[in-house]
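The next block holds one structure in the form of structure tokens; read it before the comments.
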Amino acid sequence: MRADEIDVTINLFRYYAKEAAEQTPSLGDEFDENSVIETIRTRNIHPEYIWLNAYEGTRPIGFVSACVTQAPWNKEIFYAHIELIYILESHRSMSAFKQMVENVEEWARTFNAQKITAGDIGVNPDRTRKVYEHLGFTNGCFMDKDLAYV
């Protein structure tokens, strides 16, 4: 990612957080621009992460972020995981999501990843699940729980 893309990417992330807050209101309150900048930089510097923007011409319209990890039982087995995917509502289509996922799959193959998983912490889980199923993902177990502190 070029330095001049960071501001636009932060704005895209704001849209993501705003939409996610519709499902999980605390995500809107927790948005921190400095953390977003650090996340984007980390995922562009370290090879086990990827951050890709989707474009319409020269205008970024979405992003996808993923990581690759080793299986804990065998250091020769790698898995990729899509953590975030977002496209502006005005540009959403199955072909746009498919292209973004295919780019992550291509990147994951450079690690010889055997499997790719996907999940999202906030944006409409039912819709997101349907998108991934349409793209060939099978339903698995991705659940969350808030931790209580006393």
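The way I read the labels, and the way they are meant: chains A, B, ... in the order of the structure tokens, residue 1 as the first residue of every chain, and ligand 1 as the first ligand shown, with later ones counted on from there.
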
Please provide as JSON, numbers by chain all residues within 10 Å of region 36-48 of chain A, with the sequence filter that same-chain residues fewer than 2 positions apart are discarded (counting only C-alpha atoms). {"A": [1, 2, 3, 6, 7, 9, 10, 13, 14, 31, 32, 33, 34, 50, 51, 52, 65, 66, 67, 68, 69, 80, 107, 108, 111]}

Can I get the residues of region 54-110 of chain A within 12 Å of region 126-129 of chain A, each with the closest pair of atoms and their distance in Å to one decimal, using only C-alpha atoms, sorted chain first then ascending number, as a tab-separated table?
```
residue	atom	partner	partner_atom	distance
A:Ile82	CA	A:Thr128	CA	11.8
A:Glu83	CA	A:Thr128	CA	11.7
A:Leu84	CA	A:Thr128	CA	10.5
A:Ile85	CA	A:Thr128	CA	9.1
A:Tyr86	CA	A:Thr128	CA	9.9
A:Ile87	CA	A:Thr128	CA	11.7
A:Arg92	CA	A:Thr128	CA	12.0
A:Met94	CA	A:Thr128	CA	11.2
A:Phe97	CA	A:Thr128	CA	10.3
```

Next, write the just-selected residues to a file, as a CSV table (one decimal), in the first residue's frame, keeping N, CA and C atoms as the atom set.
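Output contents, as saved in result_0.csv:
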```
chain,number,residue,atom,x,y,z
A,82,ILE,N,-9.3,-15.2,6.6
A,82,ILE,CA,-9.8,-13.8,6.3
A,82,ILE,C,-10.4,-13.3,7.6
A,83,GLU,N,-9.9,-12.2,8.1
A,83,GLU,CA,-10.4,-11.6,9.3
A,83,GLU,C,-11.4,-10.4,9.0
A,84,LEU,N,-11.1,-9.7,8.0
A,84,LEU,CA,-12.0,-8.5,7.7
A,84,LEU,C,-12.2,-8.5,6.2
A,85,ILE,N,-13.4,-8.2,5.8
A,85,ILE,CA,-13.7,-7.9,4.4
A,85,ILE,C,-14.8,-6.9,4.3
A,86,TYR,N,-14.6,-5.9,3.5
A,86,TYR,CA,-15.6,-4.8,3.4
A,86,TYR,C,-15.5,-4.2,2.0
A,87,ILE,N,-16.7,-4.0,1.5
A,87,ILE,CA,-16.9,-3.2,0.2
A,87,ILE,C,-18.0,-2.2,0.5
A,92,ARG,N,-21.1,-3.2,-3.8
A,92,ARG,CA,-21.2,-4.7,-3.4
A,92,ARG,C,-21.8,-5.5,-4.5
A,94,MET,N,-21.4,-10.0,-5.7
A,94,MET,CA,-20.8,-11.2,-5.5
A,94,MET,C,-19.5,-11.3,-6.2
A,97,PHE,N,-16.7,-9.5,-4.2
A,97,PHE,CA,-16.3,-10.3,-3.0
A,97,PHE,C,-15.4,-11.4,-3.5
```

Given only C-alpha atoms as the counted atoms, nearest of A:Gln70, A:Asn124, A:Ser93, A:Gln99 to Glu19 (chain A):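 Of A:Gln70, A:Asn124, A:Ser93, A:Gln99, the one nearest Glu19 (chain A), counting only C-alpha atoms, is A:Asn124.
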
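CA of Asp120 (chain A) sits 12.3 Å away from CA of Leu27 (chain A).
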
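Comparing the minimum interatomic distances between Ala21 (chain A) and each of A:Val101, A:Lys130, A:Ile77, A:Val123, counting only C-alpha atoms, we find that A:Val123 sits nearest.
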
Tell me which of A:Lys18, A:His81, A:Glu102, A:Ile116 sits closest to Glu30 (chain A), counting only C-alpha atoms.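 Selected residue with least distance to Glu30 (chain A): A:Lys18.
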
Enter the distance from CA of Thr117 (chain A) to CA of Arg59 (chain A), in Å, rounded to one decimal.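 Result for CA of Thr117 (chain A) versus CA of Arg59 (chain A): 28.0 Å, one decimal.
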
All residues 8 Å or closer to Leu88 (chain A), only C-alpha atoms, same chain fewer than 2 positions away omitted, as a PyMOL selection string: chain A and resi 12+15+61-62+86+90-92

Å distance separating CA of Tyr79 (chain A) from CA of Ala113 (chain A), one decimal place: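 It comes out at 4.9 Å.
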
So which bits of region 10-114 of chain A end up helix (DSSP H, G or I) when you DSSP the backbone, as number ranges by chain? A: 10-23, 26-30, 33-45, 89-91, 94-109
